[in-house]
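Have a look at coords_30.txt below; it lists compact mmCIF, C-alpha atoms.
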# COMPACT_ATOMS: atom_id res chain seq x y z
CA MET A 649 -58.07 72.44 17.83
CA THR A 650 -60.84 69.95 17.22
CA GLY A 651 -63.65 69.25 19.65
CA LEU A 652 -62.45 65.68 20.08
CA ARG A 653 -58.97 66.83 21.01
CA ARG A 654 -60.33 69.38 23.50
CA ALA A 655 -62.49 66.69 25.09
CA GLY A 656 -59.44 64.42 25.34
CA ILE A 657 -57.41 67.13 27.03
CA PHE A 658 -60.29 67.90 29.42
CA PHE A 659 -60.79 64.25 30.41
CA GLY A 660 -57.03 63.71 30.68
CA ALA A 661 -56.76 66.69 33.02
CA LEU A 662 -59.77 65.45 34.99
CA LEU A 663 -58.21 61.99 35.34
CA ALA A 664 -54.92 63.56 36.47
CA LEU A 665 -56.79 65.61 39.08
CA VAL A 666 -58.62 62.55 40.40
CA LEU A 667 -55.33 60.63 40.63
CA LEU A 668 -53.65 63.56 42.40
CA ILE A 669 -56.48 63.79 44.94
CA GLY A 670 -56.37 60.03 45.42
CA LEU A 671 -52.64 60.03 46.08
CA ALA A 672 -52.83 63.07 48.36
CA GLY A 673 -55.51 61.35 50.45
CA LEU A 674 -53.55 58.15 51.03
CA PRO A 675 -51.66 59.35 54.14
CA VAL A 676 -54.74 61.11 55.49
CA TYR A 677 -57.53 58.60 54.90
CA VAL A 678 -56.06 55.21 54.01
CA TYR A 679 -52.82 55.19 56.05
CA PRO A 680 -53.35 57.79 58.80
CA GLN A 681 -50.88 58.33 61.61
CA THR A 682 -51.71 56.06 64.51
CA ASP A 683 -49.78 56.00 67.75
CA PRO A 684 -48.05 53.35 69.86
CA LEU A 685 -50.22 52.19 72.73
CA ARG A 686 -49.38 52.98 76.32
CA LYS A 687 -51.45 53.40 79.47
CA ALA A 688 -53.81 56.38 79.55
CA ASP A 689 -56.43 57.96 81.78
CA ALA A 690 -59.31 56.87 79.52
CA ILE A 691 -60.16 55.12 76.30
CA VAL A 692 -62.71 56.93 74.13
CA VAL A 693 -64.52 55.17 71.30
CA LEU A 694 -66.06 57.53 68.77
CA GLY A 695 -69.46 56.50 67.46
CA GLY A 696 -70.72 55.03 64.25
CA THR A 697 -72.24 51.89 62.88
CA ALA A 698 -69.10 49.86 62.35
CA TYR A 699 -69.35 48.14 65.74
CA GLU A 700 -65.85 46.65 65.50
CA ARG A 701 -64.46 49.87 66.95
CA PHE A 702 -66.38 49.27 70.20
CA ASP A 703 -64.84 45.79 70.42
CA VAL A 704 -61.40 47.37 69.98
CA GLY A 705 -62.13 49.78 72.84
CA LEU A 706 -63.34 46.94 75.09
CA ASP A 707 -60.26 44.90 74.28
CA LEU A 708 -57.95 47.79 75.15
CA ALA A 709 -59.75 48.33 78.47
CA ARG A 710 -59.64 44.59 79.27
CA ARG A 711 -55.89 44.66 78.58
CA GLY A 712 -55.51 47.42 81.17
CA TYR A 713 -54.66 50.41 78.99
CA ALA A 714 -57.05 52.64 80.98
CA PRO A 715 -59.45 52.30 83.91
CA THR A 716 -62.26 54.10 82.06
CA LEU A 717 -63.94 53.40 78.74
CA LEU A 718 -66.05 56.24 77.33
CA ILE A 719 -68.29 55.31 74.40
CA SER A 720 -70.12 57.66 72.08
CA ARG A 721 -73.55 56.22 71.49
CA SER A 722 -73.96 58.23 68.31
CA THR A 723 -76.46 55.79 66.86
CA GLY A 724 -78.94 56.84 69.55
CA LEU A 725 -80.45 55.36 72.67
CA ASP A 726 -82.73 53.02 70.71
CA ASP A 727 -79.78 51.13 69.18
CA HIS A 728 -79.98 47.98 71.30
CA GLU A 729 -76.80 46.57 69.72
CA MET A 730 -75.01 49.14 71.91
CA ASP A 731 -76.52 47.70 75.11
CA ARG A 732 -73.86 44.98 75.22
CA TYR A 733 -71.27 47.75 75.60
CA CYS A 734 -73.20 50.34 77.59
CA ALA A 735 -75.19 48.05 79.90
CA GLY A 736 -72.64 45.27 80.32
CA ARG A 737 -70.73 44.42 83.49
CA PHE A 738 -67.00 44.96 83.32
CA ASP A 739 -64.01 45.18 85.65
CA PHE A 740 -63.49 48.78 84.57
CA THR A 741 -65.72 51.83 84.32
CA VAL A 742 -67.82 52.10 81.16
CA SER A 743 -69.74 55.27 80.45
CA CYS A 744 -71.83 55.97 77.35
CA PHE A 745 -73.18 59.26 76.06
CA VAL A 746 -75.18 60.59 73.12
CA PRO A 747 -73.21 63.44 71.53
CA ASP A 748 -74.82 66.86 71.22
CA PRO A 749 -74.50 67.95 68.48
CA TRP A 750 -74.59 64.56 66.82
CA THR A 751 -71.17 64.94 65.18
CA THR A 752 -67.49 64.34 65.90
CA GLU A 753 -67.44 67.90 67.23
CA GLY A 754 -70.19 66.98 69.71
CA GLU A 755 -68.14 63.98 70.77
CA ALA A 756 -65.04 66.15 71.18
CA GLN A 757 -66.96 68.63 73.32
CA GLU A 758 -68.05 65.82 75.65
CA ILE A 759 -64.48 64.50 75.79
CA GLY A 760 -63.29 67.98 76.79
CA ARG A 761 -65.94 68.28 79.52
CA ARG A 762 -65.08 64.86 80.96
CA ALA A 763 -61.35 65.49 80.76
CA ARG A 764 -61.73 68.68 82.78
CA ARG A 765 -64.03 66.97 85.30
CA TYR A 766 -61.83 63.90 85.82
CA GLY A 767 -58.40 65.41 85.21
CA TRP A 768 -57.57 63.33 82.14
CA ARG A 769 -54.21 64.24 80.62
CA HIS A 770 -53.85 61.34 78.17
CA ILE A 771 -56.60 59.51 76.28
CA ILE A 772 -56.70 56.76 73.71
CA VAL A 773 -59.19 57.53 70.93
CA VAL A 774 -60.55 54.69 68.81
CA THR A 775 -62.26 55.33 65.48
CA TYR A 776 -62.28 53.78 62.04
CA THR A 777 -59.29 54.22 59.73
CA PRO A 778 -60.45 57.00 57.34
CA HIS A 779 -61.65 59.09 60.29
CA VAL A 780 -58.44 58.98 62.37
CA SER A 781 -56.76 62.14 61.04
CA ARG A 782 -59.90 64.28 61.11
CA ALA A 783 -60.85 62.98 64.56
CA ARG A 784 -57.37 63.87 65.86
CA TYR A 785 -57.80 67.42 64.56
CA ILE A 786 -61.30 67.87 66.01
CA VAL A 787 -60.64 66.25 69.41
CA SER A 788 -57.45 68.31 69.82
CA LYS A 789 -59.59 71.45 69.61
CA CYS A 790 -61.37 70.36 72.81
CA PHE A 791 -58.74 68.33 74.64
CA ASP A 792 -55.33 69.83 75.47
CA GLY A 793 -53.77 66.60 76.69
CA GLU A 794 -52.00 63.80 74.86
CA LEU A 795 -53.93 61.88 72.22
CA THR A 796 -53.15 58.32 71.20
CA MET A 797 -55.10 57.51 68.05
CA VAL A 798 -56.07 53.91 67.27
CA ALA A 799 -57.65 52.78 64.00
CA SER A 800 -60.24 50.01 64.04
CA PRO A 801 -60.71 47.87 60.93
CA SER A 802 -62.58 49.46 58.03
CA ALA A 803 -64.45 48.23 55.04
CA SER A 804 -62.65 48.13 51.73
CA GLY A 805 -63.32 48.48 48.03
CA LEU A 806 -63.48 51.32 45.55
CA ARG A 807 -67.03 52.34 46.48
CA PHE A 808 -66.21 52.57 50.21
CA TRP A 809 -62.99 54.54 49.69
CA SER A 810 -64.55 56.87 47.11
CA TRP A 811 -67.30 57.69 49.58
CA MET A 812 -64.78 58.13 52.44
CA TYR A 813 -62.70 60.60 50.41
CA ILE A 814 -65.81 62.68 49.78
CA ARG A 815 -67.26 62.36 53.29
CA GLN A 816 -64.03 62.94 55.19
CA SER A 817 -62.98 65.84 52.94
CA ALA A 818 -66.35 67.53 53.52
CA GLY A 819 -65.94 66.85 57.24
CA TYR A 820 -62.49 68.46 57.21
CA LEU A 821 -63.89 71.53 55.50
CA ARG A 822 -66.60 71.79 58.15
CA ALA A 823 -64.04 71.28 60.94
CA PHE A 824 -61.75 73.98 59.55
CA LEU A 825 -64.64 76.43 59.38
CA SER A 826 -65.95 75.57 62.86
CA PRO A 827 -64.37 77.25 65.85
CA GLY A 828 -64.92 74.08 67.89
CA CYS A 829 -64.09 74.25 71.57
CA ARG A 830 -61.22 76.72 71.52
CA SER A 831 -63.48 79.73 71.17
CA THR A 832 -66.13 78.56 73.64
Would you mind writing the file out in structure tokens?
Amino acid sequence: MTGLRRAGIFFGALLALVLLIGLAGLPVYVYPQTDPLRKADAIVVLGGTAYERFDVGLDLARRGYAPTLLISRSTGLDDHEMDRYCAGRFDFTVSCFVPDPWTTEGEAQEIGRRARRYGWRHIIVVTYTPHVSRARYIVSKCFDGELTMVASPSASGLRFWSWMYIRQSAGYLRAFLSPGCRST
């Protein structure tokens, strides 16, 4: 077998692997399972810098899906863009927190604490599309009640989705290896 033929086989196999991974990730990252909306005890918006998700959470609360809106201020207390959500006046309860640790797991731990304190049995969780499946897995480690997952709009393009496949896959690996709340 010539070197050129071996290289062709190698790159063909590599391309097939990339396509297989891409197709396998479609239902997890690009088209995750979201749930029909219905009234809940609280709406929780997971943090990040795509602020559209916070607008989705506010809209759901304004429409009466829950009396409480809990927002992860994962960009920190010095992010003044978040003040319009966390320091605003609303006809429903808004509470913001900085997760500790500064991860989805930290957010899930806070959700679990608040659910126990306030007796939440059903929450609506808002995050961006490629994070929905992983967030469901992580939050369910800390919250035994019913989860309704809602996807906020996400960026698009090959660069964004390539990065999301890598980032979310690494996050899944970390989540699988972490005991989360169940062992604490």
Which segment 744-811 of chain A residues have any atom within 8 Å of an atom of segment 685-702 of chain A, and for each, what is the nearest pair of atoms with distance in Å to one decimal, counting all atoms listed in the file, rows sorted by chain and number, as JSON lines?
{"residue": "A:Thr752", "atom": "CA", "partner": "A:Leu694", "partner_atom": "CA", "distance": 7.5}
{"residue": "A:Glu755", "atom": "CA", "partner": "A:Leu694", "partner_atom": "CA", "distance": 7.1}
{"residue": "A:Ile759", "atom": "CA", "partner": "A:Val692", "partner_atom": "CA", "distance": 7.9}
{"residue": "A:Trp768", "atom": "CA", "partner": "A:Asp689", "partner_atom": "CA", "distance": 5.5}
{"residue": "A:Arg769", "atom": "CA", "partner": "A:Asp689", "partner_atom": "CA", "distance": 6.8}
{"residue": "A:His770", "atom": "CA", "partner": "A:Ala688", "partner_atom": "CA", "distance": 5.1}
{"residue": "A:Ile771", "atom": "CA", "partner": "A:Ala690", "partner_atom": "CA", "distance": 5.0}
{"residue": "A:Ile772", "atom": "CA", "partner": "A:Ile691", "partner_atom": "CA", "distance": 4.6}
{"residue": "A:Val773", "atom": "CA", "partner": "A:Val692", "partner_atom": "CA", "distance": 4.8}
{"residue": "A:Val774", "atom": "CA", "partner": "A:Val693", "partner_atom": "CA", "distance": 4.7}
{"residue": "A:Thr775", "atom": "CA", "partner": "A:Leu694", "partner_atom": "CA", "distance": 5.5}
{"residue": "A:Tyr776", "atom": "CA", "partner": "A:Arg701", "partner_atom": "CA", "distance": 6.6}
{"residue": "A:Thr796", "atom": "CA", "partner": "A:Leu685", "partner_atom": "CA", "distance": 7.0}
{"residue": "A:Ala799", "atom": "CA", "partner": "A:Arg701", "partner_atom": "CA", "distance": 8.0}
{"residue": "A:Ser800", "atom": "CA", "partner": "A:Arg701", "partner_atom": "CA", "distance": 5.1}
{"residue": "A:Pro801", "atom": "CA", "partner": "A:Glu700", "partner_atom": "CA", "distance": 7.0}
{"residue": "A:Ser802", "atom": "CA", "partner": "A:Ala698", "partner_atom": "CA", "distance": 7.8}
Legend entry - Neighbour list for Tyr677 of chain A as a list in words, cut-off 8 Å, all atoms listed in the file, skip fewer than 4 positions in-chain: Gly673, Thr777, Pro778, His779, Val780, Ser781, Met812, Tyr813 and Gln816 of chain A
Across A:Leu717, A:Leu825, A:Leu652, A:Ala756, the smallest distance to Lys789 of chain A, with only C-alpha atoms counted, is shown by A:Ala756
**Request:** Record the distance separating atom CA of Leu718 of chain A and atom CA of Ser743 of chain A, expressed in Å with one decimal.
**Result:**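 Interatomic distance here is 4.9 Å.
In this comparison, which uses all atoms listed in the file, the residue of A:Val704, A:Val798, A:Ala763, A:Leu725 approaching Ala783 of chain A most closely is A:Val798.
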Shortest interatomic distance to Arg762 of chain A - which of A:Met797, A:Thr716, A:Ile786, A:Arg807, counting all atoms listed in the file: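 Selected residue with least distance to Arg762 of chain A: A:Thr716.
The gap separating atom CA of Phe740 of chain A from atom CA of Arg721 of chain A is 18.1 Å, in Å to one decimal.
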The distance between atom CA of Asp727 of chain A and atom CA of Phe745 of chain A is 12.5 Å
query: Of the candidates A:Pro747, A:Tyr785, A:Tyr766, A:Ile719, which one gets nearest to Ala735 of chain A if we count all atoms listed in the file?
result: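 Of A:Pro747, A:Tyr785, A:Tyr766, A:Ile719, the one nearest Ala735 of chain A, counting all atoms listed in the file, is A:Ile719.
Counting only C-alpha atoms, the residue from A:Gln757, A:Asp683, A:Ser817, A:Asp703 that sits nearest to Glu794 of chain A is A:Asp683.
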Pick out the closest residue to Pro684 of chain A from this set: A:Gly805, A:Leu795, A:Tyr820, A:Ala709. Count all atoms listed in the file.
->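 With all atoms listed in the file as the atom set, the closest residue is A:Leu795.
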